[in-house]
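Q: So here's input_30.cif, just mmCIF, C-alpha atoms:
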```
data_entry
#
loop_
_atom_site.label_atom_id
_atom_site.label_comp_id
_atom_site.auth_asym_id
_atom_site.auth_seq_id
_atom_site.Cartn_x
_atom_site.Cartn_y
_atom_site.Cartn_z
CA MET A 13 0.00 0.00 0.00
CA SER A 14 1.42 3.40 -1.01
CA ARG A 15 2.01 6.20 1.47
CA ALA A 16 -0.74 8.32 -0.13
CA SER A 17 -3.33 5.54 0.02
CA THR A 18 -2.44 4.83 3.65
CA ARG A 19 -2.87 8.50 4.60
CA ASN A 20 -6.22 8.59 2.80
CA ARG A 21 -7.30 5.46 4.62
CA LEU A 22 -6.63 7.14 7.94
CA LEU A 23 -8.40 10.30 6.81
CA ASP A 24 -11.41 8.26 5.65
CA ALA A 25 -11.62 6.67 9.09
CA ALA A 26 -10.97 9.89 11.03
CA GLY A 27 -13.67 12.02 9.42
CA PRO A 28 -16.72 10.10 10.70
CA VAL A 29 -15.18 9.64 14.16
CA PHE A 30 -14.43 13.35 14.56
CA ALA A 31 -17.90 14.24 13.24
CA GLU A 32 -19.65 11.89 15.66
CA LYS A 33 -17.63 12.52 18.80
CA GLY A 34 -15.86 15.81 18.31
CA TYR A 35 -12.12 16.44 18.41
CA GLN A 36 -11.66 16.08 22.15
CA ALA A 37 -13.63 12.84 22.59
CA ALA A 38 -12.29 11.10 19.49
CA THR A 39 -9.27 8.88 20.14
CA VAL A 40 -6.37 7.88 17.94
CA ARG A 41 -6.97 4.25 18.88
CA GLU A 42 -10.57 4.33 17.69
CA ILE A 43 -9.58 5.99 14.42
CA CYS A 44 -6.85 3.44 13.80
CA ASP A 45 -9.21 0.58 14.66
CA GLN A 46 -11.67 1.91 12.08
CA ALA A 47 -8.85 2.10 9.53
CA GLY A 48 -7.55 -1.36 10.44
CA MET A 49 -4.13 0.01 11.33
CA ASN A 50 -1.98 0.22 14.45
CA VAL A 51 -1.97 3.30 16.67
CA ALA A 52 1.53 4.30 15.60
CA SER A 53 0.21 5.04 12.09
CA VAL A 54 -1.18 8.45 13.02
CA ASN A 55 2.13 9.61 14.48
CA TYR A 56 4.02 8.24 11.50
CA TYR A 57 1.87 9.85 8.80
CA PHE A 58 0.57 12.98 10.56
CA GLY A 59 2.68 13.59 13.65
CA ASP A 60 -0.23 13.68 16.10
CA LYS A 61 -4.04 13.82 16.39
CA GLU A 62 -4.08 17.60 15.98
CA ASN A 63 -2.38 17.47 12.60
CA LEU A 64 -4.67 14.62 11.53
CA TYR A 65 -7.69 16.73 12.43
CA ALA A 66 -6.31 19.72 10.51
CA GLU A 67 -5.95 17.55 7.42
CA VAL A 68 -9.53 16.32 7.77
CA ILE A 69 -10.78 19.93 7.93
CA LYS A 70 -8.69 20.93 4.91
CA ARG A 71 -10.06 17.97 3.02
CA ILE A 72 -13.68 19.08 3.39
CA ARG A 73 -13.13 22.80 2.98
CA PRO A 74 -14.82 23.98 -0.26
CA PRO A 75 -13.44 26.86 -2.35
CA ARG A 76 -14.14 30.33 -1.02
CA ILE A 77 -16.94 32.17 -2.77
CA ALA A 78 -14.63 35.17 -2.98
CA ASP A 79 -12.13 33.15 -5.04
CA LEU A 80 -14.89 31.95 -7.37
CA LEU A 81 -16.48 35.34 -8.05
CA GLU A 82 -14.05 38.22 -7.77
CA ASP A 83 -12.15 37.37 -10.96
CA SER A 84 -15.41 37.33 -12.92
CA TRP A 85 -16.30 40.93 -12.03
CA SER A 86 -15.05 44.05 -13.76
CA ALA A 87 -14.89 47.58 -12.45
CA GLU A 88 -18.20 48.26 -14.23
CA THR A 89 -20.13 45.35 -12.67
CA PRO A 90 -23.12 46.85 -10.80
CA PRO A 91 -23.38 46.00 -7.09
CA ALA A 92 -26.85 44.50 -7.67
CA ASP A 93 -25.31 41.96 -10.06
CA LYS A 94 -22.57 41.20 -7.56
CA LEU A 95 -25.14 40.60 -4.83
CA ARG A 96 -27.08 38.25 -7.11
CA ASP A 97 -23.90 36.32 -7.88
CA PHE A 98 -23.03 36.06 -4.19
CA ILE A 99 -26.46 34.78 -3.17
CA ARG A 100 -26.59 32.23 -5.98
CA ALA A 101 -23.10 31.00 -5.14
CA LEU A 102 -23.92 30.67 -1.43
CA VAL A 103 -27.19 28.80 -2.05
CA SER A 104 -25.44 26.54 -4.55
CA GLU A 105 -22.68 25.77 -2.06
CA LEU A 106 -25.11 25.04 0.77
CA SER A 107 -27.26 22.77 -1.34
CA GLY A 108 -24.42 21.04 -3.18
CA ARG A 109 -23.64 17.40 -2.72
CA ARG A 110 -20.74 16.59 -0.41
CA PRO A 111 -18.24 13.78 -1.01
CA PHE A 112 -18.46 12.85 2.68
CA PRO A 113 -21.80 12.18 4.43
CA TRP A 114 -20.36 13.40 7.75
CA PHE A 115 -19.41 16.82 6.36
CA HIS A 116 -22.30 18.86 7.77
CA GLU A 117 -22.09 17.29 11.21
CA LEU A 118 -18.42 18.18 11.53
CA VAL A 119 -18.99 21.74 10.30
CA LYS A 120 -21.86 22.19 12.79
CA ARG A 121 -19.54 21.07 15.58
CA GLU A 122 -16.95 23.61 14.54
CA ILE A 123 -19.51 26.40 14.36
CA SER A 124 -21.05 25.66 17.77
CA ASP A 125 -17.85 24.61 19.58
CA PRO A 126 -14.83 25.57 17.47
CA THR A 127 -11.45 23.97 17.99
CA LEU A 128 -8.27 25.99 17.63
CA ILE A 129 -7.28 24.28 14.38
CA GLY A 130 -10.67 23.78 12.76
CA GLY A 131 -12.00 27.11 13.93
CA LYS A 132 -9.06 28.96 12.41
CA LEU A 133 -9.33 27.22 9.05
CA LEU A 134 -13.10 27.62 8.74
CA GLN A 135 -13.14 31.15 10.13
CA GLU A 136 -10.64 32.22 7.49
CA ARG A 137 -13.01 30.96 4.81
CA PHE A 138 -16.15 32.40 6.42
CA SER A 139 -14.35 35.69 6.98
CA ALA A 140 -13.34 35.94 3.31
CA ASN A 141 -16.94 35.40 2.19
CA PHE A 142 -18.28 37.88 4.75
CA THR A 143 -15.72 40.48 3.70
CA LEU A 144 -16.74 40.03 0.08
CA LEU A 145 -20.43 40.51 0.93
CA GLN A 146 -19.61 43.53 3.08
CA GLY A 147 -17.74 45.09 0.18
CA ILE A 148 -20.77 44.64 -2.08
CA LEU A 149 -23.04 46.29 0.47
CA ASP A 150 -20.56 49.14 0.91
CA GLU A 151 -21.17 49.97 -2.77
CA ILE A 152 -24.91 50.15 -2.08
CA PHE A 153 -25.19 51.96 1.25
CA PRO A 154 -24.63 55.71 1.65
CA PRO A 155 -21.24 56.43 3.28
CA GLU A 156 -22.86 57.61 6.51
CA THR A 157 -24.62 54.26 7.11
CA PRO A 158 -23.46 52.92 10.52
CA MET A 159 -21.30 49.80 10.43
CA HIS A 160 -23.63 47.88 12.73
CA GLN A 161 -26.48 48.43 10.23
CA ARG A 162 -24.32 47.15 7.37
CA HIS A 163 -23.42 44.09 9.41
CA LYS A 164 -27.07 43.35 10.21
CA VAL A 165 -28.00 43.48 6.54
CA ALA A 166 -25.09 41.21 5.65
CA PHE A 167 -26.19 38.65 8.24
CA SER A 168 -29.77 38.95 6.99
CA VAL A 169 -28.63 38.04 3.48
CA ILE A 170 -26.64 35.07 4.72
CA GLY A 171 -29.38 34.08 7.17
CA GLN A 172 -32.01 33.71 4.46
CA CYS A 173 -29.76 31.39 2.45
CA VAL A 174 -28.83 29.31 5.49
CA HIS A 175 -32.43 29.10 6.74
CA PHE A 176 -33.76 27.50 3.56
CA HIS A 177 -30.94 24.98 3.74
CA VAL A 178 -31.09 23.91 7.39
CA SER A 179 -34.91 23.88 7.54
CA GLU A 180 -35.50 21.75 4.44
CA LYS A 181 -37.07 18.81 6.28
CA ILE A 182 -39.43 20.83 8.46
CA THR A 183 -40.33 23.07 5.49
CA ALA A 184 -41.36 20.04 3.44
CA ARG A 185 -43.54 18.84 6.31
CA LEU A 186 -45.18 22.24 6.78
CA ILE A 187 -46.09 22.89 3.16
CA GLY A 188 -46.20 19.37 1.73
CA GLU A 189 -43.76 17.41 -0.39
CA ASP A 190 -45.41 18.35 -3.70
CA GLU A 191 -45.01 22.10 -3.22
CA PHE A 192 -41.54 21.68 -1.73
CA LYS A 193 -40.27 19.66 -4.69
CA ALA A 194 -41.93 21.96 -7.22
CA HIS A 195 -40.90 25.34 -5.82
CA PHE A 196 -38.12 25.02 -3.25
CA GLY A 197 -35.18 23.85 -5.34
CA PRO A 198 -31.84 25.68 -5.05
CA GLU A 199 -32.29 27.82 -8.16
CA GLU A 200 -35.77 29.03 -7.18
CA ILE A 201 -34.68 29.69 -3.59
CA ALA A 202 -31.68 31.68 -4.81
CA GLU A 203 -33.91 33.75 -7.08
CA HIS A 204 -36.37 34.38 -4.25
CA VAL A 205 -33.64 35.53 -1.85
CA CYS A 206 -32.19 37.76 -4.58
CA ARG A 207 -35.57 39.43 -5.14
CA MET A 208 -36.18 39.89 -1.42
CA CYS A 209 -32.75 41.41 -0.79
CA LEU A 210 -32.66 43.63 -3.86
CA ALA A 211 -36.19 44.90 -3.23
CA SER A 212 -35.44 45.68 0.41
CA LEU A 213 -32.35 47.63 -0.65
CA GLY A 214 -34.27 49.60 -3.28
CA LEU A 215 -32.48 47.95 -6.18
CA ALA A 216 -35.53 46.11 -7.56
CA PRO A 217 -39.32 46.57 -7.60
CA PRO A 218 -41.26 45.56 -4.46
CA ILE A 219 -42.10 41.88 -4.13
CA VAL A 220 -45.77 42.75 -3.61
CA GLU A 221 -47.47 45.87 -4.89
CA SER A 222 -48.89 48.11 -2.16
CA ARG A 223 -52.52 47.45 -1.29
CA PRO A 224 -54.99 50.32 -1.58
CA GLY A 225 -55.04 52.25 1.66
CA SER A 226 -51.52 51.30 2.68
CA ALA A 227 -48.83 53.88 3.30
CA GLY A 228 -48.39 56.08 0.27
CA GLN A 229 -51.42 54.65 -1.57
CA PRO A 230 -54.91 56.17 -1.66
CA ASN A 231 -57.80 54.12 -0.35
CA PRO A 232 -60.68 54.11 -2.90
CA ALA A 233 -63.23 54.28 -0.08
CA ASP A 234 -61.51 57.32 1.41
CA ALA A 235 -61.34 58.97 -2.00
CA GLN A 236 -65.05 58.33 -2.57
CA ALA A 237 -65.92 59.77 0.84
CA ALA A 238 -63.78 62.84 0.19
CA SER A 239 -65.45 63.35 -3.18
CA ALA A 240 -68.90 63.07 -1.66
CA ASN A 241 -67.96 65.51 1.08
CA THR A 242 -66.65 68.01 -1.48
CA ALA A 243 -69.81 67.68 -3.56
CA GLY A 244 -71.94 68.22 -0.48
CA LYS A 245 -70.10 71.43 0.37
CA GLU A 246 -70.43 72.69 -3.18
CA GLY A 247 -74.17 72.11 -3.05
CA THR A 248 -74.70 74.17 0.08
#
```
In structure tokens, how does this file's structure come out?

A:
Amino acid sequence: MSRASTRNRLLDAAGPVFAEKGYQAATVREICDQAGMNVASVNYYFGDKENLYAEVIKRIRPPRIADLLEDSWSAETPPADKLRDFIRALVSELSGRRPFPWFHELVKREISDPTLIGGKLLQERFSANFTLLQGILDEIFPPETPMHQRHKVAFSVIGQCVHFHVSEKITARLIGEDEFKAHFGPEEIAEHVCRMCLASLGLAPPIVESRPGSAGQPNPADAQAASANTAGKEGT
């Protein structure tokens, strides 16, 4: 067995163990037992458990959205188009198939209880994506907009994308499988989030036209009453 295949065998065994038990609770012995190798293998190929865990995290880390998008934009690309691209890329990433079934469980562990190694690697990626989104919003907001307001909007954009992903099962139960399958695919969700965000930022028409009588719109009943009142005064 080659060195590369042996390392991969250990990584294949380590991923599910770390995802199930977390970094602290997982043991080198259990990982090696799963791989069918002796406990000295981890030290030989990785140095220690910490380095093994770092390699597992690197293995599952997808490309940064910033790296995928920035080269495709020119100086003339409107911020609305950039925001659309970002949302579509994020929804696509969240809904994409993963080569390892334990991927999401391990990422959730790192988000809720980050380790020094995993937290640093994932934070660097999350930070790059957040910085990219913040730069897009900076092109949209007036310069005097407070930073905390910009941050809230950025998290609102991300939150919508994440919500549709993490709530898929309960969403399907609430609305029914037929509607979920017909209208809640990644492309339609991305388009919906784009419309919501762009409309709220004044970069697209409102999602729903104002109802008569709402703010800024005349109520036909009020207009009729005003007309009758005017006519009455004219007749006196």

Q: Hey, can you check how far atom CA of Phe176 of chain A sits from atom CA of Ile201 of chain A?

A: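 Interatomic distance, atom CA of Phe176 of chain A to atom CA of Ile201 of chain A: 7.5 Å.
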
Q: Near segment 26-29 of chain A, counting only C-alpha atoms, which residues have an atom at most 12 Å away, once you skip same-chain residues fewer than 5 positions from it, shown as number ranges by chain?

A: A: 19-21, 34-48, 54, 58, 61-72, 111-119

Q: Under the rule that all atoms listed in the file are counted, which of A:Glu122, A:Glu151, A:Glu105, A:Glu221 is the nearest residue to Cys173 of chain A?

A: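 Checking each of A:Glu122, A:Glu151, A:Glu105, A:Glu221 against Cys173 of chain A, counting all atoms listed in the file, the winner is A:Glu105.
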
Q: Smallest atom-to-atom distance to Ile77 of chain A: which of A:Ser17, A:Leu145, A:Lys132, A:Thr127, using only C-alpha atoms?

A: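 Going through A:Ser17, A:Leu145, A:Lys132, A:Thr127 one by one, the smallest distance to Ile77 of chain A is for A:Leu145.
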
Q: As an exercise, work out the distance from atom CA of Leu128 of chain A to atom CA of Gly59 of chain A in Å and give it to one decimal place.

A: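 Between these atoms lies a distance of 17.0 Å.
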
Q: Restricting the calculation to all atoms listed in the file, which member of A:Ala140, A:Ala78, A:Leu149, A:Met208 is positioned closest to Pro90 of chain A?

A: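 Among A:Ala140, A:Ala78, A:Leu149, A:Met208, it is A:Leu149 that comes nearest to Pro90 of chain A.
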
Q: From the list A:Asp150, A:Ala211, A:Val205, A:Asp24, which residue is nearest Ser168 of chain A when using all atoms listed in the file?

A: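 Closest to Ser168 of chain A, using all atoms listed in the file: A:Val205.
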
Q: Using all atoms listed in the file, pick whichever of A:Ala16, A:Ala52, A:Val174, A:Ile99 has the shortest atom-to-atom distance to Leu210 of chain A.

A: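 Of all the options, A:Ile99 lies closest to Leu210 of chain A.
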
Q: Give me the residues near Leu95 of chain A as a PDB file with C-alpha atoms, in the coordinates of the input, where near means some atom within 8 Å (using all atoms listed in the file) and where sequence neighbours in that chain fewer than 2 positions away do not count.

A:
```pdb
ATOM      1  CA  PRO A  91     -23.380  46.000  -7.090  1.00  0.00           C
ATOM      2  CA  ALA A  92     -26.850  44.500  -7.670  1.00  0.00           C
ATOM      3  CA  ASP A  93     -25.310  41.960 -10.060  1.00  0.00           C
ATOM      4  CA  ASP A  97     -23.900  36.320  -7.880  1.00  0.00           C
ATOM      5  CA  PHE A  98     -23.030  36.060  -4.190  1.00  0.00           C
ATOM      6  CA  ILE A  99     -26.460  34.780  -3.170  1.00  0.00           C
ATOM      7  CA  LEU A 145     -20.430  40.510   0.930  1.00  0.00           C
ATOM      8  CA  ILE A 148     -20.770  44.640  -2.080  1.00  0.00           C
ATOM      9  CA  CYS A 206     -32.190  37.760  -4.580  1.00  0.00           C
TER      10      CYS A 206
END
```

Q: Which polymer residues, protein or nucleic acid, are no farther than 9 Å from (-30.8, 54.6, -3.8), counting all atoms listed in the file, as a CSV table (one decimal) with C-alpha atoms, in the coordinates of the input?

A:
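Wrote selection.csv, looks like this:
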```csv
chain,number,residue,atom,x,y,z
A,152,ILE,CA,-24.9,50.2,-2.1
A,153,PHE,CA,-25.2,52.0,1.2
A,154,PRO,CA,-24.6,55.7,1.6
A,213,LEU,CA,-32.4,47.6,-0.6
A,214,GLY,CA,-34.3,49.6,-3.3
A,215,LEU,CA,-32.5,48.0,-6.2
```

Q: For Arg207 of chain A, please output as a PyMOL selection string all residues within 9 Å (counting all atoms listed in the file; exclusion window: fewer than 2 positions along the same chain).

A: chain A and resi 96+202-205+209-212+216-219

Q: Using Å and a single decimal, report how far atom CA of Ala101 of chain A sits from atom CA of Arg162 of chain A.

A: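 Interatomic distance here is 20.5 Å.
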
Q: Skipping near chain neighbours, those fewer than 4 positions away, what residues fall within 12 Å of His177 of chain A using all atoms listed in the file, listed as a list in words?

A: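 These residues fall inside the cut-off: Leu102, Val103, Ser104, Glu105, Leu106, Ser107, Gly108, His116, Ile170, Gly171, Gln172, Cys173, Lys181, Ile182, Thr183, Ala184, Phe196, Gly197, Pro198, Ile201 and Ala202 of chain A.
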
Q: Which is closer to Phe138 of chain A than all the others in A:Phe192, A:Leu81, A:Ile123, A:Tyr56, using all atoms listed in the file?

A: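 Using all atoms listed in the file, the shortest distance to Phe138 of chain A belongs to A:Ile123.
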